[in-house]
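Structure file start_27.tsv with TSV, C-alpha atoms and all ligand atoms:
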chain	number	residue	atom	x	y	z
A	86	MET	CA	-108.08	8.58	-12.78
A	87	LYS	CA	-108.05	6.40	-9.66
A	88	HIS	CA	-108.67	3.04	-11.34
A	89	PHE	CA	-108.74	1.74	-14.93
A	90	LEU	CA	-111.75	-0.57	-14.98
A	91	ARG	CA	-113.36	0.49	-18.23
A	92	GLU	CA	-112.41	2.49	-21.32
A	93	THR	CA	-114.15	5.64	-20.13
A	94	ASP	CA	-112.16	5.86	-16.88
A	95	LEU	CA	-109.84	7.94	-19.05
A	96	LYS	CA	-111.53	11.05	-20.36
A	97	ALA	CA	-111.43	12.18	-23.99
A	98	HIS	CA	-109.01	15.00	-23.11
A	99	GLU	CA	-106.57	12.44	-21.56
A	100	LEU	CA	-106.29	10.31	-24.71
A	101	GLY	CA	-103.61	12.55	-26.18
A	102	GLU	CA	-101.57	12.15	-23.01
A	103	VAL	CA	-101.86	8.37	-22.75
A	104	PHE	CA	-101.00	7.88	-26.43
A	105	SER	CA	-98.05	10.34	-26.34
A	106	LEU	CA	-96.67	8.70	-23.22
A	107	ALA	CA	-96.99	5.27	-24.88
A	108	ARG	CA	-95.16	6.60	-27.97
A	109	GLU	CA	-92.41	7.97	-25.76
A	110	PHE	CA	-92.05	4.69	-23.82
A	111	LYS	CA	-91.89	2.82	-27.12
A	112	ARG	CA	-89.24	5.13	-28.61
A	113	LYS	CA	-87.06	5.01	-25.51
A	114	ARG	CA	-87.33	1.27	-24.88
A	115	GLY	CA	-83.95	-0.16	-24.02
A	116	ARG	CA	-82.86	3.04	-22.29
A	117	PRO	CA	-83.67	3.26	-18.58
A	118	ALA	CA	-87.34	4.27	-18.23
A	119	PRO	CA	-88.41	6.83	-15.62
A	120	PRO	CA	-88.71	4.75	-12.44
A	121	VAL	CA	-92.27	5.85	-11.73
A	122	LEU	CA	-93.03	2.62	-9.85
A	123	SER	CA	-89.76	2.57	-7.94
A	124	GLY	CA	-90.12	0.69	-4.66
A	125	GLN	CA	-93.63	-0.46	-5.60
A	126	THR	CA	-95.07	-3.96	-5.81
A	127	TRP	CA	-98.12	-4.62	-8.01
A	128	ALA	CA	-100.22	-7.78	-7.60
A	129	LEU	CA	-101.46	-9.47	-10.78
A	130	ILE	CA	-104.52	-11.62	-9.97
A	131	PHE	CA	-105.43	-14.05	-12.74
A	132	ALA	CA	-108.50	-16.32	-12.77
A	133	LYS	CA	-108.00	-17.10	-16.49
A	134	SER	CA	-105.07	-17.97	-18.76
A	135	SER	CA	-102.94	-15.25	-20.30
A	136	THR	CA	-99.81	-14.76	-22.37
A	137	ARG	CA	-99.86	-11.11	-23.51
A	138	THR	CA	-101.53	-9.51	-20.50
A	139	ARG	CA	-99.47	-11.28	-17.90
A	140	VAL	CA	-96.14	-10.83	-19.65
A	141	SER	CA	-96.71	-7.22	-20.74
A	142	PHE	CA	-97.70	-6.19	-17.22
A	143	GLU	CA	-94.85	-8.07	-15.56
A	144	VAL	CA	-92.28	-6.64	-17.98
A	145	GLY	CA	-93.83	-3.15	-17.92
A	146	ILE	CA	-93.93	-2.96	-14.12
A	147	ASN	CA	-90.31	-4.14	-13.95
A	148	GLU	CA	-89.23	-1.59	-16.56
A	149	LEU	CA	-90.85	1.18	-14.51
A	150	GLY	CA	-88.80	0.17	-11.49
A	151	GLY	CA	-91.50	-1.85	-9.72
A	152	HIS	CA	-91.95	-5.49	-8.84
A	153	ALA	CA	-94.80	-7.66	-10.19
A	154	LEU	CA	-96.34	-10.40	-8.05
A	155	TYR	CA	-98.30	-12.98	-10.07
A	156	LEU	CA	-101.20	-14.48	-8.12
A	157	ASN	CA	-103.21	-17.26	-9.73
A	158	THR	CA	-106.63	-17.36	-8.05
A	159	HIS	CA	-106.20	-21.11	-7.47
A	160	ASP	CA	-103.20	-20.37	-5.27
A	161	ILE	CA	-104.68	-17.64	-3.11
A	162	GLN	CA	-107.57	-17.81	-0.65
A	163	LEU	CA	-109.84	-15.91	-3.07
A	164	GLY	CA	-110.05	-19.20	-4.99
A	165	ARG	CA	-111.28	-20.94	-1.79
A	166	GLY	CA	-114.00	-18.42	-1.09
A	167	GLU	CA	-112.33	-15.52	0.75
A	168	SER	CA	-114.33	-12.45	-0.20
A	169	ILE	CA	-113.25	-10.04	-2.88
A	170	GLU	CA	-113.53	-7.21	-0.37
A	171	ASP	CA	-111.24	-8.86	2.19
A	172	THR	CA	-108.79	-9.75	-0.58
A	173	ALA	CA	-108.76	-6.08	-1.64
A	174	ARG	CA	-108.26	-4.85	1.94
A	175	VAL	CA	-105.46	-7.30	2.65
A	176	LEU	CA	-103.61	-6.76	-0.62
A	177	SER	CA	-103.90	-2.97	-0.15
A	178	ARG	CA	-101.79	-3.34	3.02
A	179	PHE	CA	-98.98	-4.95	1.01
A	180	VAL	CA	-99.01	-3.72	-2.58
A	181	HIS	CA	-99.25	-0.42	-4.45
A	182	GLY	CA	-101.64	-1.54	-7.19
A	183	ILE	CA	-103.60	-4.52	-8.49
A	184	VAL	CA	-104.20	-5.84	-12.01
A	185	ILE	CA	-107.00	-8.39	-12.21
A	186	ARG	CA	-108.24	-10.76	-14.94
A	187	THR	CA	-111.46	-12.54	-14.04
A	188	PHE	CA	-114.99	-13.38	-15.22
A	189	GLU	CA	-117.41	-10.83	-13.77
A	190	GLN	CA	-116.91	-7.10	-14.32
A	191	SER	CA	-118.78	-6.58	-11.02
A	192	ASP	CA	-115.99	-8.47	-9.20
A	193	VAL	CA	-113.41	-6.03	-10.58
A	194	GLU	CA	-115.58	-3.10	-9.49
A	195	ARG	CA	-116.04	-4.59	-6.00
A	196	LEU	CA	-112.29	-5.11	-5.74
A	197	ALA	CA	-111.67	-1.48	-6.69
A	198	ALA	CA	-114.34	-0.21	-4.29
A	199	ALA	CA	-112.73	-2.02	-1.35
A	200	ALA	CA	-109.08	-1.42	-2.31
A	201	SER	CA	-107.12	1.66	-1.29
A	202	VAL	CA	-104.71	1.20	-4.21
A	203	PRO	CA	-105.33	1.55	-7.99
A	204	VAL	CA	-106.98	-1.40	-9.75
A	205	VAL	CA	-106.57	-2.19	-13.48
A	206	ASN	CA	-108.93	-4.41	-15.46
A	207	GLY	CA	-106.86	-7.04	-17.28
A	208	LEU	CA	-110.01	-8.53	-18.94
A	209	THR	CA	-113.43	-9.62	-17.80
A	210	ASP	CA	-116.28	-11.26	-19.71
A	211	PHE	CA	-117.63	-7.73	-20.18
A	212	LEU	CA	-114.62	-5.59	-21.15
A	213	HIS	CA	-110.94	-5.68	-22.13
A	214	PRO	CA	-109.95	-2.00	-21.91
A	215	CYS	CA	-106.14	-2.41	-22.00
A	216	GLN	CA	-106.50	-4.27	-25.29
A	217	VAL	CA	-108.71	-1.73	-27.06
A	218	TYR	CA	-106.43	1.14	-26.04
A	219	SER	CA	-103.45	-0.77	-27.47
A	220	ASP	CA	-105.42	-1.48	-30.64
A	221	ALA	CA	-106.35	2.19	-31.07
A	222	PHE	CA	-102.72	3.21	-30.44
A	223	THR	CA	-101.53	0.67	-33.03
A	224	ALA	CA	-103.76	2.20	-35.70
A	225	ALA	CA	-102.96	5.76	-34.61
A	226	GLU	CA	-99.19	5.31	-34.83
A	227	ARG	CA	-99.65	4.35	-38.48
A	228	TRP	CA	-102.15	7.07	-39.33
A	229	ALA	CA	-100.54	9.95	-37.41
A	230	GLY	CA	-96.94	9.27	-38.42
A	231	PRO	CA	-93.97	9.77	-36.06
A	232	ASP	CA	-94.89	13.24	-34.78
A	233	GLY	CA	-98.58	13.60	-35.64
A	234	ASP	CA	-101.52	13.87	-33.24
A	235	LEU	CA	-102.32	10.26	-32.37
A	236	ALA	CA	-105.78	10.80	-30.84
A	237	ALA	CA	-106.86	13.12	-33.68
A	238	SER	CA	-105.85	10.54	-36.30
A	239	LEU	CA	-108.59	8.18	-35.06
A	240	LYS	CA	-111.47	10.60	-35.48
A	241	GLY	CA	-114.10	9.55	-38.01
A	242	ARG	CA	-112.32	6.28	-38.93
A	243	LYS	CA	-114.46	3.17	-39.36
A	244	VAL	CA	-113.93	-0.10	-37.49
A	245	ALA	CA	-115.72	-3.26	-38.66
A	246	PHE	CA	-116.00	-5.85	-35.88
A	247	LEU	CA	-117.02	-9.34	-37.01
A	248	GLY	CA	-118.13	-12.50	-35.25
A	249	ASP	CA	-118.66	-12.55	-31.48
A	250	THR	CA	-120.47	-9.23	-31.20
A	251	GLY	CA	-121.83	-9.96	-27.72
A	252	PHE	CA	-118.70	-10.34	-25.61
A	253	ASN	CA	-115.75	-8.45	-24.11
A	254	MET	CA	-113.88	-7.23	-27.21
A	255	ALA	CA	-117.04	-6.07	-28.97
A	256	ASN	CA	-118.17	-4.26	-25.82
A	257	SER	CA	-114.75	-2.66	-25.45
A	258	TRP	CA	-114.94	-1.42	-29.03
A	259	ILE	CA	-118.43	-0.02	-28.37
A	260	LEU	CA	-117.14	2.04	-25.43
A	261	GLY	CA	-113.74	2.70	-27.03
A	262	ALA	CA	-115.13	3.90	-30.37
A	263	SER	CA	-117.46	6.31	-28.61
A	264	LEU	CA	-114.49	7.77	-26.72
A	265	PHE	CA	-112.03	7.77	-29.63
A	266	GLY	CA	-114.55	9.36	-32.02
A	267	MET	CA	-114.55	6.33	-34.34
A	268	ARG	CA	-117.44	4.75	-36.23
A	269	LEU	CA	-118.13	1.12	-35.37
A	270	ALA	CA	-120.00	-1.40	-37.54
A	271	LEU	CA	-120.65	-4.73	-35.83
A	272	ALA	CA	-121.59	-7.80	-37.87
A	273	GLY	CA	-122.69	-11.04	-36.26
A	274	PRO	CA	-125.41	-13.68	-36.28
A	275	ASP	CA	-129.06	-12.84	-35.91
A	276	GLY	CA	-129.88	-12.39	-32.24
A	277	HIS	CA	-126.25	-11.78	-31.26
A	278	GLU	CA	-126.56	-8.02	-30.91
A	279	PRO	CA	-124.68	-6.17	-28.17
A	280	GLY	CA	-126.47	-6.79	-24.87
A	281	GLU	CA	-128.60	-4.55	-22.71
A	282	ARG	CA	-125.78	-4.10	-20.24
A	283	ILE	CA	-123.41	-2.30	-22.59
A	284	ARG	CA	-126.29	-0.21	-23.95
A	285	ALA	CA	-127.29	0.73	-20.39
A	286	LEU	CA	-123.69	1.71	-19.58
A	287	LEU	CA	-123.52	3.95	-22.66
A	288	LYS	CA	-126.78	5.56	-21.63
A	289	ALA	CA	-125.68	6.00	-18.01
A	290	GLU	CA	-122.54	7.77	-19.24
A	291	GLY	CA	-124.58	10.01	-21.52
A	292	ARG	CA	-123.04	8.54	-24.69
A	293	THR	CA	-125.05	7.99	-27.81
A	294	ALA	CA	-124.84	4.42	-29.14
A	295	GLY	CA	-122.62	5.33	-32.09
A	296	PHE	CA	-122.49	1.84	-33.56
A	297	THR	CA	-124.48	-0.07	-36.14
A	298	TYR	CA	-125.34	-3.76	-36.14
A	299	THR	CA	-125.89	-5.94	-39.18
A	300	THR	CA	-126.02	-9.64	-40.00
A	301	ASP	CA	-124.30	-8.87	-43.34
A	302	PRO	CA	-120.48	-8.98	-43.01
A	303	MET	CA	-119.96	-7.29	-46.41
A	304	GLU	CA	-122.03	-4.33	-45.30
A	305	ALA	CA	-119.93	-3.94	-42.15
A	306	VAL	CA	-116.55	-4.01	-43.90
A	307	ASP	CA	-117.60	-1.59	-46.67
A	308	GLY	CA	-115.44	1.53	-46.24
A	309	ALA	CA	-113.76	0.15	-43.09
A	310	ASP	CA	-110.30	1.38	-42.02
A	311	ILE	CA	-109.93	-1.52	-39.56
A	312	VAL	CA	-111.29	-5.05	-39.87
A	313	TYR	CA	-111.29	-6.61	-36.39
A	314	THR	CA	-112.19	-10.03	-35.11
A	315	ASP	CA	-111.83	-12.13	-31.97
A	316	VAL	CA	-112.15	-15.83	-31.22
A	317	TRP	CA	-115.64	-17.34	-31.48
A	318	ALA	CA	-115.36	-19.26	-28.21
A	319	SER	CA	-113.78	-17.07	-25.55
A	320	MET	CA	-112.38	-18.27	-22.25
A	321	GLY	CA	-115.38	-19.74	-20.44
A	322	HIS	CA	-117.26	-20.59	-23.68
A	323	GLU	CA	-115.34	-23.78	-24.44
A	324	LYS	CA	-118.36	-26.07	-23.91
A	325	ASP	CA	-120.47	-24.18	-26.49
A	326	ALA	CA	-117.69	-23.98	-29.06
A	327	THR	CA	-119.28	-26.22	-31.70
A	328	ALA	CA	-122.61	-24.38	-31.73
A	329	ARG	CA	-120.90	-20.99	-31.68
A	330	HIS	CA	-118.65	-21.91	-34.59
A	331	ALA	CA	-121.63	-23.01	-36.68
A	332	ARG	CA	-123.41	-19.67	-36.08
A	333	MET	CA	-120.37	-17.47	-36.61
A	334	ARG	CA	-118.84	-19.14	-39.67
A	335	PRO	CA	-120.30	-16.55	-42.11
A	336	TYR	CA	-118.34	-13.87	-40.22
A	337	ALA	CA	-114.90	-15.40	-40.71
A	338	VAL	CA	-112.41	-12.83	-42.01
A	339	THR	CA	-111.46	-14.37	-45.33
A	340	SER	CA	-109.21	-12.75	-47.94
A	341	ARG	CA	-112.36	-11.99	-49.93
A	342	LEU	CA	-114.02	-10.21	-47.02
A	343	PHE	CA	-110.84	-8.29	-46.11
A	344	ALA	CA	-110.53	-7.15	-49.76
A	345	ALA	CA	-113.99	-5.57	-49.50
A	346	ALA	CA	-112.72	-3.07	-46.87
A	347	LYS	CA	-110.71	0.04	-47.84
A	348	PRO	CA	-107.59	-0.87	-49.89
A	349	ASP	CA	-105.31	0.25	-47.05
A	350	ALA	CA	-107.44	-1.20	-44.24
A	351	LEU	CA	-105.65	-2.82	-41.29
A	352	PHE	CA	-106.48	-6.29	-40.00
A	353	MET	CA	-106.57	-6.53	-36.22
A	354	HIS	CA	-107.09	-9.34	-33.69
A	355	CYS	CA	-106.46	-9.23	-29.96
A	356	LEU	CA	-104.97	-12.78	-30.12
A	357	PRO	CA	-104.80	-15.66	-29.45
A	358	ALA	CA	-106.12	-16.41	-32.97
A	359	HIS	CA	-107.52	-19.64	-34.36
A	360	PRO	CA	-106.42	-19.59	-38.01
A	361	GLY	CA	-108.99	-21.24	-40.25
A	362	GLU	CA	-111.78	-20.34	-37.86
A	363	GLU	CA	-112.48	-16.63	-37.26
A	364	VAL	CA	-109.65	-15.57	-39.61
A	365	GLU	CA	-107.93	-17.07	-42.62
A	366	GLN	CA	-104.18	-17.65	-42.28
A	367	ALA	CA	-103.57	-15.54	-45.41
A	368	VAL	CA	-105.23	-12.54	-43.72
A	369	LEU	CA	-103.16	-13.00	-40.56
A	370	ASP	CA	-100.04	-13.12	-42.75
A	371	SER	CA	-101.03	-10.10	-44.87
A	372	PRO	CA	-98.72	-7.05	-44.80
A	373	ARG	CA	-101.73	-5.11	-43.52
A	374	SER	CA	-102.15	-7.43	-40.53
A	375	VAL	CA	-100.84	-5.64	-37.43
A	376	VAL	CA	-101.63	-8.31	-34.84
A	377	PHE	CA	-98.11	-8.50	-33.40
A	378	ASP	CA	-97.83	-4.71	-33.18
A	379	GLU	CA	-101.07	-4.78	-31.18
A	380	ALA	CA	-99.51	-7.36	-28.88
A	381	GLU	CA	-96.26	-5.39	-28.47
A	382	ASN	CA	-98.14	-2.16	-27.87
A	383	ARG	CA	-99.84	-3.69	-24.84
A	384	LEU	CA	-96.51	-3.10	-23.09
A	385	HIS	CA	-96.10	0.55	-24.08
A	386	VAL	CA	-99.73	1.56	-23.57
A	387	GLN	CA	-100.01	-0.17	-20.20
A	388	LYS	CA	-96.80	1.52	-19.02
A	389	ALA	CA	-98.48	4.83	-19.91
A	390	ILE	CA	-101.62	3.84	-18.00
A	391	LEU	CA	-99.56	2.74	-14.98
A	392	ALA	CA	-97.63	6.02	-15.06
A	393	MET	CA	-100.87	7.98	-15.16
A	394	LEU	CA	-102.39	5.93	-12.33
A	395	SER	CA	-99.28	6.42	-10.19
A	396	GLY	CA	-99.58	10.15	-10.74
A	397	ALA	CA	-96.01	10.36	-12.03
A	398	ARG	CA	-96.92	10.48	-15.73
A	399	GLY	CA	-93.53	9.19	-16.82
A	400	LYS	CA	-91.71	12.50	-16.62
B	1	LIG	N1	-104.99	-10.36	-25.96
B	1	LIG	C1	-104.80	-10.85	-24.73
B	1	LIG	O1	-105.28	-10.29	-23.74
B	1	LIG	O2	-104.04	-11.96	-24.67
B	1	LIG	P1	-103.77	-12.90	-23.42
B	1	LIG	O3	-105.05	-13.65	-23.16
B	1	LIG	O4	-102.65	-13.78	-23.86
B	1	LIG	O5	-103.40	-12.05	-22.24
B	2	LIG	N1	-112.58	-12.74	-26.10
B	2	LIG	C1	-111.35	-13.39	-25.72
B	2	LIG	C2	-110.25	-12.39	-25.61
B	2	LIG	C3	-108.91	-12.97	-25.24
B	2	LIG	C4	-107.86	-11.92	-25.12
B	2	LIG	C5	-111.56	-14.12	-24.42
B	2	LIG	O1	-112.20	-13.55	-23.52
B	2	LIG	O2	-111.12	-15.27	-24.30
Represent the supplied structure as structure tokens.
Amino acid sequence: MKHFLRETDLKAHELGEVFSLAREFKRKRGRPAPPVLSGQTWALIFAKSSTRTRVSFEVGINELGGHALYLNTHDIQLGRGESIEDTARVLSRFVHGIVIRTFEQSDVERLAAAASVPVVNGLTDFLHPCQVYSDAFTAAERWAGPDGDLAASLKGRKVAFLGDTGFNMANSWILGASLFGMRLALAGPDGHEPGERIRALLKAEGRTAGFTYTTDPMEAVDGADIVYTDVWASMGHEKDATARHARMRPYAVTSRLFAAAKPDALFMHCLPAHPGEEVEQAVLDSPRSVVFDEAENRLHVQKAILAMLSGARGK
């Protein structure tokens, strides 16, 4: 793996390795980690706000012996029109890797094409691969137990994704589920089906579209092992928030809807959450809500991804 731009940049046979490394980093936290990024500086380019992604990458890079350099796009020349390609070429002369959060997936791909160092996707409008890997790891550590096979524990499990079925987290689950061997049931408003672009990507990668789409939230959660939701108005959608909320209200994860999933189903959300909108506070507070484990696991999973990208694999 040269870059981590989308879920399928890791192959199915590498899932075991990334999850085991993450488990090892998590277990050994607090003891000195293998300094796989020793002497390295990684640039973190952010065109959008972030709490989890920024902090987990900064802390993770530091814990691996490297140095993280936060670059808000407003502060660098990229924000004044310098090209993505020149930014990639210049940063490649200084740093050993780049994490980027921006709007267009194509910008991340252009950055990677012009860079001579690894590039990691820290969220675009299209995908949020670091998040979905952390989510899958969070479920797997529960299902596999302390020494079980994490990747194998995901196989055949059902994820119900409710609400904004046409944006980054839904797309990441579409790609992620196909790689993890999970079943995905999406439920959202009429006409809010996953777009052509994600379907075309699945086709281009020779993956069958292993997801279903329904406008009936009860149908989606029936038999689900994970009930997942995301905000209804993502970063960049603020102006349409009122209309989006009106359309997505039937897909709010209420206690009643959550109770219709399997009795031991997990509730997941990438955060930040808007309690009372896409999820009821009682569901967020439920003992089966693992939202803060998902957030914490960003650190451990991303350290594993960084170790794999650096070629050192944490050993
Ligand atoms: N889940 C997530 O990516 O959170 P941030 O926007 O805080 O980074
Ligand atoms: N869909 C959300 C995810 C935030 C982590 C957004 O893009 O704002």
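Restricting the calculation to all atoms listed in the file, the smallest distance between Glu362 of chain A and any of A:Asp275, A:Glu281, A:Glu379, A:Asp315 is found for A:Asp315.
Between atom CA of Arg332 of chain A and atom CA of Pro274 of chain A the interatomic distance comes to 6.3 Å.
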If the limit is 8 Å from any atom of ligand LIG 2 (chain B), counting only C-alpha atoms and all ligand atoms, which residues qualify? Return them as a PyMOL selection string.
chain A and resi 135+208-210+213+216+252-254+315-321+355-357
What separation in Å, quoted to one decimal, exists between atom CA of Ala173 of chain A and atom CA of Ser201 of chain A?
7.9 Å
Please provide the set of residues having any atom within 10 Å of His159 of chain A, restricted to all atoms listed in the file, with same-chain residues fewer than 5 positions apart removed, written as JSON, numbers by chain.
{"A": [130, 131, 132, 164, 165]}
Expected file: the selected residues, C-alpha atoms, as a tab-separated table (two decimals), keeping the file's coordinate frame:
chain	number	residue	atom	x	y	z
A	130	ILE	CA	-104.52	-11.62	-9.97
A	131	PHE	CA	-105.43	-14.05	-12.74
A	132	ALA	CA	-108.50	-16.32	-12.77
A	164	GLY	CA	-110.05	-19.20	-4.99
A	165	ARG	CA	-111.28	-20.94	-1.79
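Compared by their closest atoms to Ile259 of chain A, and using all atoms listed in the file, the residues A:Ala289, A:Leu149, A:Leu212, A:Val121 rank with A:Leu212 nearest.
For the atom pair formed by atom P1 of ligand LIG 1 (chain B) and atom CA of Cys215 of chain A, the distance is 10.8 Å, given to one decimal.
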Smallest atom-to-atom distance to Gln387 of chain A: which of A:Glu194, A:Val205, A:Leu90, A:Leu100, using only C-alpha atoms?
A:Val205
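You can rank A:Asp301, A:Glu143, A:Asp234, A:Glu109 by their closest distance to ligand LIG 1 (chain B) using only C-alpha atoms and all ligand atoms, and at the top of that list sits A:Glu143.
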Any chance you could build segment 187-208 of chain A out to N, CA, C and O atoms and write it as a PDB file, in the coordinates of the input?
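The result, written out as part-v6.pdb:
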ATOM      1  N   THR A 187    -110.491 -11.604 -14.599  1.00  0.00           N
ATOM      2  CA  THR A 187    -111.460 -12.540 -14.040  1.00  0.00           C
ATOM      3  C   THR A 187    -112.699 -12.610 -14.927  1.00  0.00           C
ATOM      4  O   THR A 187    -112.662 -12.173 -16.081  1.00  0.00           O
ATOM      5  N   PHE A 188    -113.781 -13.167 -14.421  1.00  0.00           N
ATOM      6  CA  PHE A 188    -114.990 -13.380 -15.220  1.00  0.00           C
ATOM      7  C   PHE A 188    -115.928 -12.162 -15.134  1.00  0.00           C
ATOM      8  O   PHE A 188    -116.217 -11.521 -16.127  1.00  0.00           O
ATOM      9  N   GLU A 189    -116.373 -11.852 -13.931  1.00  0.00           N
ATOM     10  CA  GLU A 189    -117.410 -10.830 -13.770  1.00  0.00           C
ATOM     11  C   GLU A 189    -116.813  -9.427 -13.653  1.00  0.00           C
ATOM     12  O   GLU A 189    -115.955  -9.178 -12.796  1.00  0.00           O
ATOM     13  N   GLN A 190    -117.329  -8.506 -14.438  1.00  0.00           N
ATOM     14  CA  GLN A 190    -116.910  -7.100 -14.320  1.00  0.00           C
ATOM     15  C   GLN A 190    -117.253  -6.584 -12.909  1.00  0.00           C
ATOM     16  O   GLN A 190    -116.498  -5.804 -12.323  1.00  0.00           O
ATOM     17  N   SER A 191    -118.377  -7.068 -12.347  1.00  0.00           N
ATOM     18  CA  SER A 191    -118.780  -6.580 -11.020  1.00  0.00           C
ATOM     19  C   SER A 191    -117.738  -6.968  -9.956  1.00  0.00           C
ATOM     20  O   SER A 191    -117.547  -6.246  -8.978  1.00  0.00           O
ATOM     21  N   ASP A 192    -117.032  -8.085 -10.163  1.00  0.00           N
ATOM     22  CA  ASP A 192    -115.990  -8.470  -9.200  1.00  0.00           C
ATOM     23  C   ASP A 192    -114.822  -7.481  -9.237  1.00  0.00           C
ATOM     24  O   ASP A 192    -114.230  -7.154  -8.204  1.00  0.00           O
ATOM     25  N   VAL A 193    -114.500  -7.004 -10.437  1.00  0.00           N
ATOM     26  CA  VAL A 193    -113.410  -6.030 -10.580  1.00  0.00           C
ATOM     27  C   VAL A 193    -113.829  -4.714  -9.904  1.00  0.00           C
ATOM     28  O   VAL A 193    -113.047  -4.061  -9.210  1.00  0.00           O
ATOM     29  N   GLU A 194    -115.093  -4.360 -10.091  1.00  0.00           N
ATOM     30  CA  GLU A 194    -115.580  -3.100  -9.490  1.00  0.00           C
ATOM     31  C   GLU A 194    -115.643  -3.219  -7.977  1.00  0.00           C
ATOM     32  O   GLU A 194    -115.308  -2.265  -7.258  1.00  0.00           O
ATOM     33  N   ARG A 195    -116.029  -4.394  -7.472  1.00  0.00           N
ATOM     34  CA  ARG A 195    -116.040  -4.590  -6.000  1.00  0.00           C
ATOM     35  C   ARG A 195    -114.625  -4.530  -5.446  1.00  0.00           C
ATOM     36  O   ARG A 195    -114.382  -3.954  -4.378  1.00  0.00           O
ATOM     37  N   LEU A 196    -113.695  -5.134  -6.183  1.00  0.00           N
ATOM     38  CA  LEU A 196    -112.290  -5.110  -5.740  1.00  0.00           C
ATOM     39  C   LEU A 196    -111.802  -3.657  -5.635  1.00  0.00           C
ATOM     40  O   LEU A 196    -111.203  -3.248  -4.642  1.00  0.00           O
ATOM     41  N   ALA A 197    -112.122  -2.883  -6.673  1.00  0.00           N
ATOM     42  CA  ALA A 197    -111.670  -1.480  -6.690  1.00  0.00           C
ATOM     43  C   ALA A 197    -112.332  -0.681  -5.575  1.00  0.00           C
ATOM     44  O   ALA A 197    -111.693   0.171  -4.937  1.00  0.00           O
ATOM     45  N   ALA A 198    -113.616  -0.973  -5.324  1.00  0.00           N
ATOM     46  CA  ALA A 198    -114.340  -0.210  -4.290  1.00  0.00           C
ATOM     47  C   ALA A 198    -113.741  -0.459  -2.912  1.00  0.00           C
ATOM     48  O   ALA A 198    -113.725   0.431  -2.059  1.00  0.00           O
ATOM     49  N   ALA A 199    -113.248  -1.688  -2.682  1.00  0.00           N
ATOM     50  CA  ALA A 199    -112.730  -2.020  -1.350  1.00  0.00           C
ATOM     51  C   ALA A 199    -111.223  -1.783  -1.227  1.00  0.00           C
ATOM     52  O   ALA A 199    -110.687  -1.780  -0.115  1.00  0.00           O
ATOM     53  N   ALA A 200    -110.537  -1.584  -2.351  1.00  0.00           N
ATOM     54  CA  ALA A 200    -109.080  -1.420  -2.310  1.00  0.00           C
ATOM     55  C   ALA A 200    -108.731   0.051  -2.058  1.00  0.00           C
ATOM     56  O   ALA A 200    -109.484   0.951  -2.430  1.00  0.00           O
ATOM     57  N   SER A 201    -107.591   0.276  -1.445  1.00  0.00           N
ATOM     58  CA  SER A 201    -107.120   1.660  -1.290  1.00  0.00           C
ATOM     59  C   SER A 201    -105.975   1.942  -2.251  1.00  0.00           C
ATOM     60  O   SER A 201    -105.302   2.953  -2.132  1.00  0.00           O
ATOM     61  N   VAL A 202    -105.754   1.019  -3.190  1.00  0.00           N
ATOM     62  CA  VAL A 202    -104.710   1.200  -4.210  1.00  0.00           C
ATOM     63  C   VAL A 202    -105.376   1.102  -5.586  1.00  0.00           C
ATOM     64  O   VAL A 202    -106.481   0.567  -5.703  1.00  0.00           O
ATOM     65  N   PRO A 203    -104.715   1.610  -6.658  1.00  0.00           N
ATOM     66  CA  PRO A 203    -105.330   1.550  -7.990  1.00  0.00           C
ATOM     67  C   PRO A 203    -105.546   0.114  -8.466  1.00  0.00           C
ATOM     68  O   PRO A 203    -104.732  -0.769  -8.184  1.00  0.00           O
ATOM     69  N   VAL A 204    -106.648  -0.089  -9.179  1.00  0.00           N
ATOM     70  CA  VAL A 204    -106.980  -1.400  -9.750  1.00  0.00           C
ATOM     71  C   VAL A 204    -107.099  -1.242 -11.272  1.00  0.00           C
ATOM     72  O   VAL A 204    -107.691  -0.271 -11.757  1.00  0.00           O
ATOM     73  N   VAL A 205    -106.527  -2.196 -12.006  1.00  0.00           N
ATOM     74  CA  VAL A 205    -106.570  -2.190 -13.480  1.00  0.00           C
ATOM     75  C   VAL A 205    -107.274  -3.454 -13.946  1.00  0.00           C
ATOM     76  O   VAL A 205    -106.971  -4.554 -13.467  1.00  0.00           O
ATOM     77  N   ASN A 206    -108.194  -3.288 -14.877  1.00  0.00           N
ATOM     78  CA  ASN A 206    -108.930  -4.410 -15.460  1.00  0.00           C
ATOM     79  C   ASN A 206    -108.080  -5.078 -16.548  1.00  0.00           C
ATOM     80  O   ASN A 206    -107.841  -4.490 -17.600  1.00  0.00           O
ATOM     81  N   GLY A 207    -107.663  -6.302 -16.299  1.00  0.00           N
ATOM     82  CA  GLY A 207    -106.860  -7.040 -17.280  1.00  0.00           C
ATOM     83  C   GLY A 207    -107.709  -7.989 -18.106  1.00  0.00           C
ATOM     84  O   GLY A 207    -107.157  -8.916 -18.705  1.00  0.00           O
ATOM     85  N   LEU A 208    -108.990  -7.805 -18.165  1.00  0.00           N
ATOM     86  CA  LEU A 208    -110.010  -8.530 -18.940  1.00  0.00           C
ATOM     87  C   LEU A 208    -111.048  -9.140 -18.007  1.00  0.00           C
ATOM     88  O   LEU A 208    -110.721  -9.758 -16.992  1.00  0.00           O
TER      89      LEU A 208
END
